[in-house]
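Undergrad: My structure file entry_8.cif, mmCIF, N, CA and C atoms, is below:
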```cif
data_run
loop_
_atom_site.group_PDB
_atom_site.id
_atom_site.type_symbol
_atom_site.label_atom_id
_atom_site.label_comp_id
_atom_site.auth_asym_id
_atom_site.auth_seq_id
_atom_site.Cartn_x
_atom_site.Cartn_y
_atom_site.Cartn_z
ATOM 1 N N MET B 1 169.259 -59.821 -74.543
ATOM 2 C CA MET B 1 168.943 -59.933 -73.136
ATOM 3 C C MET B 1 169.454 -61.282 -72.644
ATOM 4 N N ASN B 2 170.144 -61.250 -71.531
ATOM 5 C CA ASN B 2 170.630 -62.515 -70.972
ATOM 6 C C ASN B 2 169.566 -63.118 -70.038
ATOM 7 N N ARG B 3 169.847 -64.301 -69.535
ATOM 8 C CA ARG B 3 168.860 -64.990 -68.694
ATOM 9 C C ARG B 3 168.543 -64.203 -67.429
ATOM 10 N N ALA B 4 169.568 -63.635 -66.807
ATOM 11 C CA ALA B 4 169.335 -62.853 -65.587
ATOM 12 C C ALA B 4 168.403 -61.673 -65.876
ATOM 13 N N GLY B 5 168.580 -61.031 -67.018
ATOM 14 C CA GLY B 5 167.714 -59.923 -67.401
ATOM 15 C C GLY B 5 166.287 -60.374 -67.646
ATOM 16 N N PHE B 6 166.133 -61.528 -68.294
ATOM 17 C CA PHE B 6 164.797 -62.061 -68.553
ATOM 18 C C PHE B 6 164.109 -62.425 -67.241
ATOM 19 N N GLU B 7 164.843 -63.042 -66.327
ATOM 20 C CA GLU B 7 164.272 -63.400 -65.032
ATOM 21 C C GLU B 7 163.882 -62.148 -64.250
ATOM 22 N N TRP B 8 164.710 -61.079 -64.321
ATOM 23 C CA TRP B 8 164.365 -59.823 -63.668
ATOM 24 C C TRP B 8 163.064 -59.283 -64.251
ATOM 25 N N ALA B 9 162.967 -59.293 -65.582
ATOM 26 C CA ALA B 9 161.768 -58.769 -66.237
ATOM 27 C C ALA B 9 160.518 -59.516 -65.779
ATOM 28 N N LEU B 10 160.567 -60.836 -65.748
ATOM 29 C CA LEU B 10 159.395 -61.595 -65.324
ATOM 30 C C LEU B 10 159.059 -61.358 -63.859
ATOM 31 N N ALA B 11 160.082 -61.197 -63.032
ATOM 32 C CA ALA B 11 159.850 -60.940 -61.608
ATOM 33 C C ALA B 11 159.234 -59.567 -61.366
ATOM 34 N N HIS B 12 159.387 -58.644 -62.318
ATOM 35 C CA HIS B 12 158.872 -57.286 -62.182
ATOM 36 C C HIS B 12 157.753 -57.003 -63.188
ATOM 37 N N ALA B 13 157.034 -58.037 -63.566
ATOM 38 C CA ALA B 13 156.000 -57.905 -64.594
ATOM 39 C C ALA B 13 154.597 -57.869 -63.996
ATOM 40 N N ALA B 14 153.712 -57.285 -64.764
ATOM 41 C CA ALA B 14 152.282 -57.290 -64.453
ATOM 42 C C ALA B 14 151.550 -57.813 -65.680
ATOM 43 N N LEU B 15 150.414 -58.447 -65.449
ATOM 44 C CA LEU B 15 149.594 -58.883 -66.577
ATOM 45 C C LEU B 15 149.093 -57.664 -67.339
ATOM 46 N N SER B 16 148.936 -57.798 -68.633
ATOM 47 C CA SER B 16 148.511 -56.670 -69.453
ATOM 48 C C SER B 16 147.016 -56.400 -69.354
ATOM 49 N N HIS B 17 146.281 -57.255 -68.656
ATOM 50 C CA HIS B 17 144.842 -57.072 -68.518
ATOM 51 C C HIS B 17 144.380 -57.585 -67.159
ATOM 52 N N PHE B 18 143.233 -57.116 -66.735
ATOM 53 C CA PHE B 18 142.627 -57.557 -65.483
ATOM 54 C C PHE B 18 142.209 -59.015 -65.615
ATOM 55 N N GLN B 19 142.535 -59.806 -64.612
ATOM 56 C CA GLN B 19 142.198 -61.236 -64.622
ATOM 57 C C GLN B 19 141.507 -61.590 -63.306
ATOM 58 N N PRO B 20 140.176 -61.808 -63.335
ATOM 59 C CA PRO B 20 139.495 -62.212 -62.103
ATOM 60 C C PRO B 20 140.140 -63.491 -61.547
ATOM 61 N N GLY B 21 140.257 -63.562 -60.248
ATOM 62 C CA GLY B 21 140.889 -64.711 -59.619
ATOM 63 C C GLY B 21 142.380 -64.499 -59.392
ATOM 64 N N VAL B 22 142.987 -63.656 -60.209
ATOM 65 C CA VAL B 22 144.395 -63.296 -60.014
ATOM 66 C C VAL B 22 144.459 -61.963 -59.262
ATOM 67 N N HIS B 23 143.589 -61.048 -59.661
ATOM 68 C CA HIS B 23 143.528 -59.729 -59.045
ATOM 69 C C HIS B 23 142.250 -59.616 -58.220
ATOM 70 N N GLU B 24 142.352 -58.919 -57.121
ATOM 71 C CA GLU B 24 141.198 -58.709 -56.247
ATOM 72 C C GLU B 24 140.097 -57.940 -56.977
ATOM 73 N N ASP B 25 140.499 -56.900 -57.687
ATOM 74 C CA ASP B 25 139.560 -56.089 -58.466
ATOM 75 C C ASP B 25 140.353 -55.270 -59.479
ATOM 76 N N ARG B 26 139.652 -54.520 -60.324
ATOM 77 C CA ARG B 26 140.333 -53.732 -61.357
ATOM 78 C C ARG B 26 141.270 -52.684 -60.762
ATOM 79 N N ALA B 27 140.873 -52.098 -59.657
ATOM 80 C CA ALA B 27 141.712 -51.075 -59.022
ATOM 81 C C ALA B 27 143.052 -51.665 -58.582
ATOM 82 N N GLN B 28 143.028 -52.872 -58.029
ATOM 83 C CA GLN B 28 144.266 -53.526 -57.598
ATOM 84 C C GLN B 28 145.152 -53.823 -58.801
ATOM 85 N N TRP B 29 144.550 -54.305 -59.899
ATOM 86 C CA TRP B 29 145.321 -54.574 -61.113
ATOM 87 C C TRP B 29 145.920 -53.282 -61.669
ATOM 88 N N GLN B 30 145.136 -52.215 -61.720
ATOM 89 C CA GLN B 30 145.629 -50.950 -62.250
ATOM 90 C C GLN B 30 146.782 -50.409 -61.420
ATOM 91 N N ALA B 31 146.694 -50.527 -60.106
ATOM 92 C CA ALA B 31 147.777 -50.062 -59.236
ATOM 93 C C ALA B 31 149.044 -50.883 -59.474
ATOM 94 N N GLU B 32 148.891 -52.199 -59.593
ATOM 95 C CA GLU B 32 150.041 -53.073 -59.853
ATOM 96 C C GLU B 32 150.670 -52.754 -61.207
ATOM 97 N N ALA B 33 149.836 -52.616 -62.226
ATOM 98 C CA ALA B 33 150.332 -52.348 -63.577
ATOM 99 C C ALA B 33 151.034 -50.989 -63.651
ATOM 100 N N ALA B 34 150.548 -50.009 -62.896
ATOM 101 C CA ALA B 34 151.146 -48.675 -62.919
ATOM 102 C C ALA B 34 152.567 -48.683 -62.362
ATOM 103 N N GLU B 35 152.874 -49.615 -61.469
ATOM 104 C CA GLU B 35 154.199 -49.681 -60.852
ATOM 105 C C GLU B 35 155.193 -50.521 -61.644
ATOM 106 N N CYS B 36 154.728 -51.292 -62.611
ATOM 107 C CA CYS B 36 155.594 -52.232 -63.328
ATOM 108 C C CYS B 36 156.010 -51.686 -64.687
ATOM 109 N N SER B 37 157.265 -51.931 -65.047
ATOM 110 C CA SER B 37 157.760 -51.512 -66.354
ATOM 111 C C SER B 37 157.773 -52.676 -67.348
ATOM 112 N N VAL B 38 157.142 -53.784 -66.944
ATOM 113 C CA VAL B 38 157.065 -54.964 -67.806
ATOM 114 C C VAL B 38 155.625 -55.460 -67.828
ATOM 115 N N ARG B 39 155.121 -55.769 -69.013
ATOM 116 C CA ARG B 39 153.778 -56.340 -69.172
ATOM 117 C C ARG B 39 153.906 -57.690 -69.859
ATOM 118 N N VAL B 40 153.082 -58.630 -69.441
ATOM 119 C CA VAL B 40 153.070 -59.942 -70.097
ATOM 120 C C VAL B 40 151.646 -60.316 -70.470
ATOM 121 N N ARG B 41 151.538 -61.075 -71.562
ATOM 122 C CA ARG B 41 150.246 -61.622 -71.963
ATOM 123 C C ARG B 41 150.484 -62.831 -72.843
ATOM 124 N N TRP B 42 149.497 -63.693 -72.880
ATOM 125 C CA TRP B 42 149.533 -64.869 -73.750
ATOM 126 C C TRP B 42 148.733 -64.553 -75.001
ATOM 127 N N ASP B 43 149.338 -64.756 -76.144
ATOM 128 C CA ASP B 43 148.691 -64.509 -77.430
ATOM 129 C C ASP B 43 148.498 -65.809 -78.189
ATOM 130 N N PRO B 44 147.453 -65.886 -78.992
ATOM 131 C CA PRO B 44 147.314 -67.052 -79.869
ATOM 132 C C PRO B 44 148.497 -67.082 -80.840
ATOM 133 N N ASP B 45 149.013 -68.238 -81.110
ATOM 134 C CA ASP B 45 150.120 -68.373 -82.056
ATOM 135 C C ASP B 45 149.548 -68.817 -83.399
ATOM 136 N N ARG B 46 150.227 -68.449 -84.489
ATOM 137 C CA ARG B 46 149.775 -68.799 -85.837
ATOM 138 C C ARG B 46 150.946 -69.317 -86.656
ATOM 139 N N SER B 47 150.620 -70.157 -87.622
ATOM 140 C CA SER B 47 151.641 -70.663 -88.539
ATOM 141 C C SER B 47 151.995 -69.574 -89.554
ATOM 142 N N ILE B 48 152.975 -69.849 -90.419
ATOM 143 C CA ILE B 48 153.321 -68.858 -91.444
ATOM 144 C C ILE B 48 152.204 -68.693 -92.467
ATOM 145 N N GLN B 49 151.255 -69.639 -92.474
ATOM 146 C CA GLN B 49 150.063 -69.512 -93.331
ATOM 147 C C GLN B 49 148.902 -68.851 -92.572
ATOM 148 N N LEU B 50 149.205 -68.348 -91.374
ATOM 149 C CA LEU B 50 148.250 -67.663 -90.499
ATOM 150 C C LEU B 50 147.159 -68.576 -89.943
ATOM 151 N N GLU B 51 147.428 -69.878 -89.907
ATOM 152 C CA GLU B 51 146.484 -70.823 -89.314
ATOM 153 C C GLU B 51 146.686 -70.848 -87.801
ATOM 154 N N PRO B 52 145.604 -70.822 -87.024
ATOM 155 C CA PRO B 52 145.742 -70.884 -85.564
ATOM 156 C C PRO B 52 146.441 -72.169 -85.125
ATOM 157 N N GLN B 53 147.292 -72.052 -84.141
ATOM 158 C CA GLN B 53 148.010 -73.192 -83.588
ATOM 159 C C GLN B 53 147.379 -73.572 -82.241
ATOM 160 N N PRO B 54 147.577 -74.811 -81.793
ATOM 161 C CA PRO B 54 146.954 -75.250 -80.541
ATOM 162 C C PRO B 54 147.692 -74.762 -79.294
ATOM 163 N N TRP B 55 148.699 -73.930 -79.428
ATOM 164 C CA TRP B 55 149.441 -73.403 -78.284
ATOM 165 C C TRP B 55 149.398 -71.886 -78.326
ATOM 166 N N ARG B 56 149.865 -71.290 -77.253
ATOM 167 C CA ARG B 56 149.894 -69.838 -77.169
ATOM 168 C C ARG B 56 151.339 -69.377 -77.012
ATOM 169 N N ALA B 57 151.582 -68.144 -77.358
ATOM 170 C CA ALA B 57 152.921 -67.551 -77.263
ATOM 171 C C ALA B 57 152.890 -66.445 -76.213
ATOM 172 N N ILE B 58 153.959 -66.360 -75.435
ATOM 173 C CA ILE B 58 154.038 -65.283 -74.445
ATOM 174 C C ILE B 58 154.572 -64.026 -75.131
ATOM 175 N N GLN B 59 153.958 -62.906 -74.809
ATOM 176 C CA GLN B 59 154.428 -61.620 -75.311
ATOM 177 C C GLN B 59 154.865 -60.808 -74.096
ATOM 178 N N VAL B 60 156.078 -60.294 -74.139
ATOM 179 C CA VAL B 60 156.643 -59.525 -73.030
ATOM 180 C C VAL B 60 156.948 -58.114 -73.548
ATOM 181 N N GLY B 61 156.320 -57.122 -72.940
ATOM 182 C CA GLY B 61 156.543 -55.738 -73.325
ATOM 183 C C GLY B 61 157.380 -55.021 -72.285
ATOM 184 N N LEU B 62 158.416 -54.331 -72.728
ATOM 185 C CA LEU B 62 159.336 -53.628 -71.821
ATOM 186 C C LEU B 62 159.219 -52.124 -72.002
ATOM 187 N N SER B 63 159.302 -51.397 -70.884
ATOM 188 C CA SER B 63 159.338 -49.946 -70.922
ATOM 189 C C SER B 63 160.148 -49.455 -69.729
ATOM 190 N N GLY B 64 160.411 -48.162 -69.703
ATOM 191 C CA GLY B 64 161.054 -47.545 -68.544
ATOM 192 C C GLY B 64 162.299 -48.251 -68.056
ATOM 193 N N GLU B 65 162.323 -48.585 -66.761
ATOM 194 C CA GLU B 65 163.476 -49.211 -66.125
ATOM 195 C C GLU B 65 163.888 -50.519 -66.819
ATOM 196 N N ALA B 66 162.920 -51.274 -67.295
ATOM 197 C CA ALA B 66 163.240 -52.547 -67.956
ATOM 198 C C ALA B 66 164.068 -52.319 -69.209
ATOM 199 N N VAL B 67 163.770 -51.270 -69.952
ATOM 200 C CA VAL B 67 164.553 -50.959 -71.160
ATOM 201 C C VAL B 67 165.942 -50.471 -70.763
ATOM 202 N N ASP B 68 166.010 -49.635 -69.747
ATOM 203 C CA ASP B 68 167.313 -49.114 -69.301
ATOM 204 C C ASP B 68 168.241 -50.219 -68.844
ATOM 205 N N ARG B 69 167.695 -51.243 -68.192
ATOM 206 C CA ARG B 69 168.514 -52.351 -67.714
ATOM 207 C C ARG B 69 169.012 -53.178 -68.879
#
```
What would you get if you wrote out this structure as structure tokens?
TA:
Amino acid sequence: MNRAGFEWALAHAALSHFQPGVHEDRAQWQAEAAECSVRVRWDPDRSIQLEPQPWRAIQVGLSGEAVDR
């Protein structure tokens, strides 16, 4: 994926879960998520020894139109 593709994906992404303060309510989040072919979430990061790290990693999931592009 090139930079333009990554930027497109982020511009067309929805959070993978309901987040109070970001979404008005669960219904609004569900409607937004239903229209997006990209999901994003922050995951805890771990070392190769599986020790928790003090930072988080972004996870980007692609489906539908995002995969076709």
Undergrad: Convert the output of the PyMOL selection byres ((chain B and resi 13) around 6.5) on the shown file into explicit residues, formatted as a ChimeraX atom specification.
TA: /B:8-12,14-15,36-40
Undergrad: Mind giving me the straight-line distance from CA of Arg56 (chain B) to CA of Pro44 (chain B) in Å, one decimal?
TA: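 Answer for the CA of Arg56 (chain B) to CA of Pro44 (chain B) separation: 4.7 Å.
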Undergrad: Just the residues within 12 Å of Met1 (chain B), please, counting only C-alpha atoms, with nothing from its chain fewer than 6 positions along; format it as an mmCIF file with N, CA and C atoms, in the frame of the given file.
TA:
```cif
data_model
loop_
_atom_site.group_PDB
_atom_site.id
_atom_site.type_symbol
_atom_site.label_atom_id
_atom_site.label_comp_id
_atom_site.auth_asym_id
_atom_site.auth_seq_id
_atom_site.Cartn_x
_atom_site.Cartn_y
_atom_site.Cartn_z
ATOM 1 N N GLU B 7 164.843 -63.042 -66.327
ATOM 2 C CA GLU B 7 164.272 -63.400 -65.032
ATOM 3 C C GLU B 7 163.882 -62.148 -64.250
ATOM 4 N N TRP B 8 164.710 -61.079 -64.321
ATOM 5 C CA TRP B 8 164.365 -59.823 -63.668
ATOM 6 C C TRP B 8 163.064 -59.283 -64.251
ATOM 7 N N ALA B 9 162.967 -59.293 -65.582
ATOM 8 C CA ALA B 9 161.768 -58.769 -66.237
ATOM 9 C C ALA B 9 160.518 -59.516 -65.779
ATOM 10 N N LEU B 62 158.416 -54.331 -72.728
ATOM 11 C CA LEU B 62 159.336 -53.628 -71.821
ATOM 12 C C LEU B 62 159.219 -52.124 -72.002
ATOM 13 N N ALA B 66 162.920 -51.274 -67.295
ATOM 14 C CA ALA B 66 163.240 -52.547 -67.956
ATOM 15 C C ALA B 66 164.068 -52.319 -69.209
ATOM 16 N N VAL B 67 163.770 -51.270 -69.952
ATOM 17 C CA VAL B 67 164.553 -50.959 -71.160
ATOM 18 C C VAL B 67 165.942 -50.471 -70.763
ATOM 19 N N ASP B 68 166.010 -49.635 -69.747
ATOM 20 C CA ASP B 68 167.313 -49.114 -69.301
ATOM 21 C C ASP B 68 168.241 -50.219 -68.844
ATOM 22 N N ARG B 69 167.695 -51.243 -68.192
ATOM 23 C CA ARG B 69 168.514 -52.351 -67.714
ATOM 24 C C ARG B 69 169.012 -53.178 -68.879
#
```
Undergrad: What does the structure give for the distance between atom N of Arg3 (chain B) and CA of Asp43 (chain B), in Å to one decimal?
TA: 22.6 Å
Undergrad: Check which residues satisfy the PyMOL selection byres (((chain B and resi 42 and name CA) around 6) and name CA) in the file shown, then give them as a short mmCIF file (atom, residue, chain, number, x, y, z; two decimals) with N, CA and C atoms, keeping the file's coordinate frame.
TA:
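Final file, selection_22.cif:
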```cif
data_model
loop_
_atom_site.label_atom_id
_atom_site.label_comp_id
_atom_site.auth_asym_id
_atom_site.auth_seq_id
_atom_site.Cartn_x
_atom_site.Cartn_y
_atom_site.Cartn_z
N ARG B 41 151.54 -61.08 -71.56
CA ARG B 41 150.25 -61.62 -71.96
C ARG B 41 150.48 -62.83 -72.84
N ASP B 43 149.34 -64.76 -76.14
CA ASP B 43 148.69 -64.51 -77.43
C ASP B 43 148.50 -65.81 -78.19
N ALA B 57 151.58 -68.14 -77.36
CA ALA B 57 152.92 -67.55 -77.26
C ALA B 57 152.89 -66.44 -76.21
N ILE B 58 153.96 -66.36 -75.44
CA ILE B 58 154.04 -65.28 -74.44
C ILE B 58 154.57 -64.03 -75.13
#
```
Undergrad: In Å, rounded to a single decimal, give me how far atom C of Asp45 (chain B) is from atom N of Ser16 (chain B).
TA: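 About the pair atom N of Ser16 (chain B) and atom C of Asp45 (chain B): they are 18.4 Å apart.
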Undergrad: Can you tell me, as JSON, the centre and edge lengths (Å, one decimal) of the axis-aligned box enclosing all of region 29-46 of chain B's listed atoms after padding each side by 6 Å?
TA:
```
{"center_x": 151.2, "center_y": -59.0, "center_z": -72.9, "size_x": 25.2, "size_y": 32.6, "size_z": 39.4}
```
